[in-house]
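Student: Next up, run15.txt (compact mmCIF, C-alpha atoms).
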```
# COMPACT_ATOMS: atom_id res chain seq x y z
CA MET Q 1 0.00 0.00 0.00
CA ILE Q 2 1.32 3.42 -1.01
CA VAL Q 3 -0.23 6.67 0.20
CA VAL Q 4 0.59 9.64 -2.04
CA LYS Q 5 0.05 13.20 -0.84
CA LEU Q 6 -0.25 15.82 -3.58
CA GLY Q 7 0.46 19.48 -2.98
CA GLY Q 8 -1.65 22.18 -4.58
CA ARG Q 9 0.85 23.11 -7.30
CA THR Q 10 1.75 19.55 -8.25
CA GLN Q 11 -1.91 18.92 -9.04
CA ASN Q 12 -1.61 21.25 -12.04
CA ASP Q 13 1.00 19.10 -13.81
CA PRO Q 14 -0.70 17.59 -16.89
CA THR Q 15 1.40 14.42 -16.58
CA LEU Q 16 0.29 13.73 -12.99
CA PRO Q 17 -2.92 11.77 -13.71
CA GLY Q 18 -1.12 9.40 -16.07
CA ALA Q 19 1.69 8.84 -13.56
CA LEU Q 20 -0.76 8.06 -10.75
CA ALA Q 21 -2.80 5.77 -12.98
CA ALA Q 22 0.39 3.90 -13.93
CA LEU Q 23 1.34 3.56 -10.26
CA TRP Q 24 -2.16 2.28 -9.44
CA ARG Q 25 -1.82 -0.41 -12.12
CA ALA Q 26 1.74 -1.33 -11.13
CA THR Q 27 0.75 -1.88 -7.49
CA GLY Q 28 -2.35 -3.88 -8.29
CA GLY Q 29 -4.62 -1.09 -7.14
CA ARG Q 30 -2.89 -0.51 -3.79
CA VAL Q 31 -2.69 3.29 -3.94
CA VAL Q 32 -4.46 5.97 -1.92
CA VAL Q 33 -4.22 9.65 -2.84
CA VAL Q 34 -4.57 12.58 -0.41
CA HIS Q 35 -4.58 16.03 -1.98
CA GLY Q 36 -4.37 19.68 -1.12
CA GLY Q 37 -5.53 22.78 -2.95
CA GLY Q 38 -4.07 25.65 -0.99
CA ASP Q 39 -3.49 28.00 -3.91
CA GLN Q 40 -7.14 27.84 -4.94
CA ILE Q 41 -8.27 28.48 -1.37
CA SER Q 42 -5.93 31.46 -1.04
CA ALA Q 43 -7.11 32.93 -4.34
CA LEU Q 44 -10.74 32.76 -3.23
CA GLN Q 45 -9.86 34.23 0.18
CA ARG Q 46 -8.31 37.24 -1.55
CA LEU Q 47 -11.36 37.63 -3.79
CA ARG Q 48 -13.44 37.83 -0.61
CA GLY Q 49 -11.11 40.42 0.90
CA GLU Q 50 -9.26 38.15 3.32
CA GLU Q 51 -5.48 37.73 3.18
CA PRO Q 52 -4.34 34.12 3.85
CA VAL Q 53 -2.22 33.63 6.96
CA PHE Q 54 0.12 30.69 7.55
CA LEU Q 55 2.06 29.76 10.68
CA GLY Q 56 4.67 27.01 10.45
CA GLY Q 57 3.32 25.97 7.05
CA ARG Q 58 -0.24 25.54 8.36
CA ARG Q 59 -3.17 27.75 7.41
CA VAL Q 60 -5.01 29.88 9.95
CA THR Q 61 -8.61 28.92 9.17
CA THR Q 62 -11.18 31.60 9.92
CA ASP Q 63 -14.95 31.05 9.69
CA THR Q 64 -14.88 32.36 6.12
CA ALA Q 65 -11.83 30.32 5.21
CA LEU Q 66 -13.45 27.10 6.48
CA GLU Q 67 -16.34 27.59 4.05
CA LEU Q 68 -13.84 27.96 1.22
CA VAL Q 69 -11.75 25.01 2.40
CA ARG Q 70 -14.77 22.72 2.22
CA MET Q 71 -15.86 24.19 -1.10
CA VAL Q 72 -12.45 23.89 -2.75
CA LEU Q 73 -10.90 20.78 -1.18
CA SER Q 74 -13.96 18.52 -0.97
CA GLY Q 75 -15.55 20.04 -4.07
CA LEU Q 76 -13.63 21.63 -6.93
CA ALA Q 77 -10.10 20.29 -6.33
CA ASN Q 78 -11.28 16.80 -5.45
CA LYS Q 79 -13.58 16.40 -8.43
CA GLN Q 80 -11.11 17.90 -10.90
CA LEU Q 81 -8.50 15.37 -9.80
CA VAL Q 82 -10.99 12.48 -9.86
CA SER Q 83 -12.09 13.43 -13.37
CA ALA Q 84 -8.49 13.57 -14.62
CA LEU Q 85 -7.66 10.19 -13.05
CA VAL Q 86 -10.74 8.53 -14.54
CA ALA Q 87 -9.78 9.93 -17.95
CA ALA Q 88 -6.28 8.45 -17.43
CA GLY Q 89 -7.76 5.00 -16.81
CA ALA Q 90 -7.81 4.83 -13.01
CA PRO Q 91 -11.23 4.24 -11.36
CA ALA Q 92 -10.94 7.10 -8.88
CA VAL Q 93 -13.59 7.93 -6.28
CA GLY Q 94 -13.44 11.21 -4.38
CA ILE Q 95 -14.20 11.42 -0.67
CA SER Q 96 -13.27 13.68 2.23
CA GLY Q 97 -12.15 12.99 5.76
CA GLU Q 98 -15.70 13.78 6.85
CA ASP Q 99 -17.14 10.85 4.87
CA GLY Q 100 -17.82 7.85 7.07
CA GLY Q 101 -15.90 9.53 9.90
CA LEU Q 102 -12.70 8.64 8.04
CA LEU Q 103 -10.63 11.38 9.67
CA ARG Q 104 -11.45 13.10 12.95
CA ALA Q 105 -9.52 16.06 14.29
CA THR Q 106 -9.13 18.34 17.28
CA PRO Q 107 -8.22 22.04 17.07
CA ILE Q 108 -4.52 22.85 16.97
CA ASP Q 109 -5.10 26.03 18.97
CA ALA Q 110 -8.44 27.68 18.33
CA ALA Q 111 -7.25 31.11 19.47
CA THR Q 112 -4.33 31.08 17.01
CA PHE Q 113 -5.32 28.74 14.18
CA GLY Q 114 -9.12 28.97 14.23
CA HIS Q 115 -10.71 25.95 12.56
CA SER Q 116 -7.39 24.27 11.68
CA GLY Q 117 -7.14 20.86 13.25
CA THR Q 118 -4.72 18.06 13.95
CA PRO Q 119 -5.60 14.39 13.34
CA ALA Q 120 -7.09 12.67 16.39
CA SER Q 121 -8.30 9.36 14.93
CA VAL Q 122 -8.73 7.54 11.64
CA ASP Q 123 -11.41 5.00 10.75
CA PRO Q 124 -10.19 3.65 7.39
CA GLY Q 125 -13.29 1.52 6.74
CA VAL Q 126 -14.54 3.56 3.79
CA VAL Q 127 -11.05 3.53 2.23
CA THR Q 128 -10.54 -0.21 2.63
CA ALA Q 129 -14.02 -0.82 1.20
CA LEU Q 130 -13.16 1.21 -1.90
CA LEU Q 131 -9.82 -0.55 -2.32
CA ALA Q 132 -11.43 -3.96 -1.92
CA THR Q 133 -13.84 -3.23 -4.76
CA GLY Q 134 -11.14 -1.97 -7.12
CA TYR Q 135 -11.40 1.79 -6.72
CA LEU Q 136 -8.68 4.41 -6.19
CA PRO Q 137 -9.61 6.57 -3.17
CA VAL Q 138 -8.89 10.29 -3.60
CA ILE Q 139 -9.18 12.03 -0.24
CA SER Q 140 -9.70 15.66 0.70
CA PRO Q 141 -8.14 16.41 4.13
CA VAL Q 142 -11.22 18.07 5.61
CA ALA Q 143 -11.90 16.27 8.89
CA ALA Q 144 -14.93 15.68 11.05
CA ARG Q 145 -14.83 16.97 14.61
CA ASP Q 146 -13.50 14.48 17.14
CA THR Q 147 -16.40 14.99 19.54
CA ILE Q 148 -19.09 12.44 18.67
CA GLY Q 149 -22.44 14.15 18.13
CA GLU Q 150 -20.84 17.50 17.24
CA ALA Q 151 -21.27 18.52 13.62
CA GLY Q 152 -18.76 20.68 11.80
CA ALA Q 153 -15.32 20.31 10.32
CA TYR Q 154 -11.66 21.13 10.74
CA ASN Q 155 -9.16 22.02 8.06
CA VAL Q 156 -6.29 19.55 8.44
CA ASN Q 157 -2.94 20.10 6.75
CA GLY Q 158 -2.78 17.58 3.90
CA ASP Q 159 0.60 16.20 4.95
CA ASP Q 160 -0.67 15.57 8.50
CA ALA Q 161 -3.81 13.90 7.14
CA ALA Q 162 -1.81 11.69 4.78
CA ALA Q 163 0.54 10.61 7.58
CA ALA Q 164 -2.38 9.65 9.85
CA ILE Q 165 -4.19 7.79 7.07
CA ALA Q 166 -1.01 5.96 5.99
CA ALA Q 167 -0.41 4.80 9.57
CA ALA Q 168 -4.01 3.61 9.96
CA LEU Q 169 -3.80 1.65 6.70
CA GLY Q 170 -0.44 0.09 7.59
CA ALA Q 171 1.03 1.56 4.39
CA ARG Q 172 4.46 0.42 3.30
CA GLU Q 173 5.24 3.89 1.95
CA LEU Q 174 4.12 7.47 2.35
CA PHE Q 175 5.20 9.72 -0.51
CA LEU Q 176 4.82 13.48 0.02
CA MET Q 177 4.97 15.19 -3.35
CA ALA Q 178 6.59 18.63 -3.43
CA ASP Q 179 7.65 21.27 -5.96
CA VAL Q 180 11.32 20.43 -5.33
CA PRO Q 181 13.25 17.16 -5.87
CA GLY Q 182 13.49 16.52 -2.12
CA VAL Q 183 14.64 18.18 1.09
CA LEU Q 184 17.37 20.67 0.19
CA ASP Q 185 20.41 21.61 2.27
CA GLY Q 186 21.80 25.11 2.75
CA ASP Q 187 23.43 24.96 -0.70
CA ARG Q 188 20.10 24.00 -2.32
CA GLN Q 189 21.31 20.45 -2.96
CA ARG Q 190 19.02 17.47 -2.51
CA ILE Q 191 19.60 15.37 0.61
CA ALA Q 192 19.22 11.69 -0.28
CA GLN Q 193 18.60 10.44 3.26
CA LEU Q 194 17.77 12.35 6.40
CA SER Q 195 17.33 11.26 10.00
CA LEU Q 196 14.62 12.75 12.17
CA ASP Q 197 17.23 14.47 14.35
CA ALA Q 198 18.84 16.04 11.29
CA ALA Q 199 15.42 17.04 9.97
CA ARG Q 200 14.65 18.84 13.24
CA ALA Q 201 18.00 20.63 12.97
CA LEU Q 202 17.17 21.83 9.45
CA VAL Q 203 13.87 23.23 10.71
CA ALA Q 204 15.48 24.86 13.76
CA SER Q 205 18.13 26.50 11.58
CA GLY Q 206 15.56 27.82 9.13
CA VAL Q 207 16.97 25.86 6.18
CA ALA Q 208 13.70 23.90 6.04
CA GLY Q 209 10.79 26.22 6.70
CA GLY Q 210 7.12 26.74 5.91
CA GLY Q 211 5.58 23.88 3.97
CA MET Q 212 8.73 21.76 4.11
CA ALA Q 213 8.82 22.02 7.90
CA ALA Q 214 5.21 20.79 7.99
CA LYS Q 215 6.16 17.89 5.71
CA LEU Q 216 9.01 16.87 8.00
CA ASP Q 217 6.65 16.92 10.99
CA ALA Q 218 4.28 14.66 9.06
CA CYS Q 219 7.14 12.30 8.23
CA ALA Q 220 7.94 11.93 11.91
CA ALA Q 221 4.29 11.17 12.71
CA ALA Q 222 4.10 8.56 9.94
CA LEU Q 223 7.24 6.77 11.11
CA ALA Q 224 5.98 6.82 14.70
CA GLY Q 225 2.71 5.32 13.43
CA GLY Q 226 4.49 2.37 11.84
CA VAL Q 227 4.76 3.41 8.19
CA SER Q 228 7.75 1.52 6.79
CA ARG Q 229 9.13 4.13 4.40
CA VAL Q 230 8.63 7.87 4.01
CA ARG Q 231 9.87 10.01 1.12
CA ILE Q 232 9.62 13.60 -0.02
CA GLY Q 233 10.13 14.36 -3.70
CA ASP Q 234 8.74 15.78 -6.91
CA LEU Q 235 6.60 14.06 -9.53
CA ALA Q 236 9.67 12.60 -11.25
CA ALA Q 237 10.60 10.84 -7.99
CA LEU Q 238 7.20 9.16 -7.56
CA THR Q 239 8.17 5.86 -9.20
CA VAL Q 240 11.95 6.01 -8.69
CA PRO Q 241 12.72 4.38 -5.31
CA ASP Q 242 16.09 6.10 -4.83
CA ALA Q 243 14.88 9.56 -5.81
CA GLY Q 244 13.68 12.28 -3.46
CA THR Q 245 14.65 12.34 0.20
CA ALA Q 246 14.09 9.28 2.39
CA ILE Q 247 13.26 10.21 5.98
CA VAL Q 248 14.39 7.60 8.50
CA ALA Q 249 14.30 7.33 12.27
CA ARG Q 250 18.07 7.36 12.40
CA VAL Q 251 21.09 7.09 10.12
CA ASP Q 252 23.88 4.81 11.34
CA ALA Q 253 26.95 6.62 10.05
CA THR Q 254 25.96 10.25 9.57
CA ASP Q 255 22.73 12.10 10.06
CA VAL Q 256 22.63 13.53 6.55
CA VAL Q 257 23.46 11.64 3.37
CA SER Q 258 23.82 14.13 0.53
CA SER Q 259 23.08 13.37 -3.10
CA ARG Q 260 26.37 14.93 -4.12
```
Can you give me the file's structure in the form of structure tokens?

Tutor:
Amino acid sequence: MIVVKLGGRTQNDPTLPGALAALWRATGGRVVVVHGGGDQISALQRLRGEEPVFLGGRRVTTDTALELVRMVLSGLANKQLVSALVAAGAPAVGISGEDGGLLRATPIDAATFGHSGTPASVDPGVVTALLATGYLPVISPVAARDTIGEAGAYNVNGDDAAAAIAAALGARELFLMADVPGVLDGDRQRIAQLSLDAARALVASGVAGGGMAAKLDACAAALAGGVSRVRIGDLAALTVPDAGTAIVARVDATDVVSSR
């Protein structure tokens, strides 16, 4: 089982649907896709007179922004991706974390982040049912509230959602797709392998910031949840096992293994 997280910009690559469909066929239908759509959300926020705010790579989700998050992620972005995958020959079905209580979340810090949440639990039943009947699940990271009986939603960072879902499914790999070929060092060179301690050091030093810092946090959560392999890379790295940056709990010899 491979869980692939797509960032907003990578979803615009015209070769992406074909690559995902090929991966779905090569794995015998053992692929789950989690997607974002941040650029579209931000564009709509600005049209409504609200400037997007991010802290540590995670969106501050106001009341207005939550409406747009649901509209874009579980609506437009999800269905555009599903349509492209079906056209490429993969039987994709779009769902959100709210469907079937797949993903439940608690607020990160309501005073600071508003309706942005962090994964609390995953019930993968709807995903396993789709996989068992030959479908490719395409998941929007909008989560149900963790309190049973309380309606509403939380906006969960896509990387965090993918890590939680991968752990719940017992995935052998989590692949976080980015706009760069992997985690880059201070000289903008790809790091082939990175321990969690070294990843934390890159974040602390500011070399890895914003969205990449959030990705590294998600990698740590996935490894802690039992996912066997975690990688960060671009579309070209999706089907090349040695490409991108492999995140591991520890590296025996040195913390960072450069690609140079």

Student: List the residues sitting within 10 Å of (-16.6, 15.0, 18.0) in the file's frame, using all atoms listed in the file, as a list in words.

Tutor: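 Counting all atoms listed in the file, I find these residues within 10 Å of (-16.6, 15.0, 18.0): Gly101, Arg104, Ala105, Thr106, Ala120, Ala144, Arg145, Asp146, Thr147, Ile148, Gly149, Glu150, Ala151, Gly152 and Ala153 of chain Q.
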
Student: Calculated over all atoms listed in the file, which of the candidates Q:Met177, Q:Ala224, Q:Ala84, Q:Ala208 has the smallest distance to Gly158 in chain Q?

Tutor: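 Of the candidates, the smallest distance to Gly158 in chain Q is held by Q:Met177.
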
Student: Smallest atom-to-atom distance to Ala178 in chain Q: which of Q:Arg250, Q:Arg200, Q:Lys5, Q:His115, using only C-alpha atoms?

Tutor: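 Comparing Q:Arg250, Q:Arg200, Q:Lys5, Q:His115 against Ala178 in chain Q, the winner is Q:Lys5.
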
Student: Can you tell me, as number ranges by chain, which residues sit within 8 Å of (1.4, 18.9, -5.5) in the file's frame, using only C-alpha atoms?

Tutor: Q: 5-12, 35-36, 177-179

Student: For range 24-31 of chain Q, find every residue with an atom within 9 Å (counting all atoms listed in the file), except residues of its own chain fewer than 3 positions away, and show them as a list in words.

Tutor: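 Selected residues are Met1, Ile2, Val3, Val4, Ala19, Leu20, Ala21, Ala90, Leu131, Gly134, Tyr135, Leu136 and Pro137 of chain Q.
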
Student: Quick one: pull the distance between CA of Thr61 in chain Q and CA of Leu235 in chain Q, Å, one decimal.

Tutor: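 Value for the CA of Thr61 in chain Q-CA of Leu235 in chain Q distance: 28.3 Å.
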
Student: Please determine, counting only C-alpha atoms, which residue among Q:Glu98, Q:Glu67, Q:Asp234, Q:Asp197 has the shortest atom-to-atom distance to Ile247 in chain Q.

Tutor: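 Result for the nearest residue to Ile247 in chain Q: Q:Asp197.
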
Student: So how many Å separate CA of Gly38 in chain Q and CA of Ala214 in chain Q, to one decimal?

Tutor: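 We find that CA of Gly38 in chain Q and CA of Ala214 in chain Q lie 13.8 Å from each other.
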
Student: Using CA of Val240 in chain Q and CA of Ala192 in chain Q as the two end points, give the distance in Å to one decimal.

Tutor: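 CA of Ala192 in chain Q lies 12.5 Å from CA of Val240 in chain Q.
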
Student: Looking at all atoms listed in the file, which of Q:Val230, Q:Ile41, Q:Phe54, Q:Leu102 is the one that sits closest to Leu76 in chain Q?

Tutor: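 Between Q:Val230, Q:Ile41, Q:Phe54, Q:Leu102, the residue approaching Leu76 in chain Q most closely is Q:Ile41.
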
Student: With only C-alpha atoms as the atoms that count, which of Q:Ala243, Q:Ala204, Q:Ala249, Q:Ala43 lies nearest to Val183 in chain Q?

Tutor: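 For Val183 in chain Q, the nearest of the candidates is Q:Ala243.
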
Student: Need to verify the contact set: Ala213 in chain Q, 10 Å, all atoms listed in the file, exclusion of same-chain residues closer than 6 positions in sequence. Can you return it as a PDB file with C-alpha atoms, keeping the file's coordinate frame?

Tutor:
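As a result, selection_9.pdb now contains:
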```pdb
ATOM      1  CA  GLY Q  56       4.670  27.010  10.450  1.00  0.00           C
ATOM      2  CA  GLY Q  57       3.320  25.970   7.050  1.00  0.00           C
ATOM      3  CA  ARG Q  58      -0.240  25.540   8.360  1.00  0.00           C
ATOM      4  CA  VAL Q 183      14.640  18.180   1.090  1.00  0.00           C
ATOM      5  CA  ALA Q 199      15.420  17.040   9.970  1.00  0.00           C
ATOM      6  CA  ARG Q 200      14.650  18.840  13.240  1.00  0.00           C
ATOM      7  CA  LEU Q 202      17.170  21.830   9.450  1.00  0.00           C
ATOM      8  CA  VAL Q 203      13.870  23.230  10.710  1.00  0.00           C
ATOM      9  CA  ALA Q 204      15.480  24.860  13.760  1.00  0.00           C
ATOM     10  CA  GLY Q 206      15.560  27.820   9.130  1.00  0.00           C
ATOM     11  CA  VAL Q 207      16.970  25.860   6.180  1.00  0.00           C
ATOM     12  CA  CYS Q 219       7.140  12.300   8.230  1.00  0.00           C
TER      13      CYS Q 219
END
```

Student: So that I can check the surroundings of Gly170 in chain Q, please list as a PyMOL selection string every protein, DNA and RNA residue that reaches within 7 Å of it, counting only C-alpha atoms and ignoring chain neighbours fewer than 2 positions away.

Tutor: chain Q and resi 166-168+172+226-227

Student: Closest to Ala111 in chain Q among Q:Met212, Q:Thr245, Q:Ser195, Q:Thr62, using all atoms listed in the file?

Tutor: Q:Thr62

Student: So that all listed atoms of range 113-131 of chain Q fit with 4 Å spare on each side, what axis-aligned box centre and edge lengths in Å, to one decimal, would you give as lines of an AutoDock Vina configuration file?

Tutor:
```
center_x = -9.6
center_y = 14.1
center_z = 7.0
size_x = 17.8
size_y = 37.8
size_z = 26.7
```

Student: Taking 5 positions as the minimum chain separation for residues in the same chain, which residues sit within 9 Å of range 44-47 of chain Q when counting only C-alpha atoms? Answer as a list in words.

Tutor: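 The residues satisfying every condition are Asp39, Pro52, Thr64, Ala65 and Leu68 of chain Q.
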
Student: With the cut-off set at 8 Å and counting all atoms listed in the file, tabulate each residue of range 94-120 of chain Q with an atom at most that distance from an atom of range 159-162 of chain Q, showing the nearest atom pair and its distance in Å to one decimal, ordered by chain and increasing number, as a Markdown table.

Tutor:
```
| residue | atom | partner | partner_atom | distance |
| --- | --- | --- | --- | --- |
| Q:Leu103 | CA | Q:Ala161 | CA | 7.7 |
| Q:Thr118 | CA | Q:Asp160 | CA | 7.2 |
| Q:Pro119 | CA | Q:Ala161 | CA | 6.5 |
```
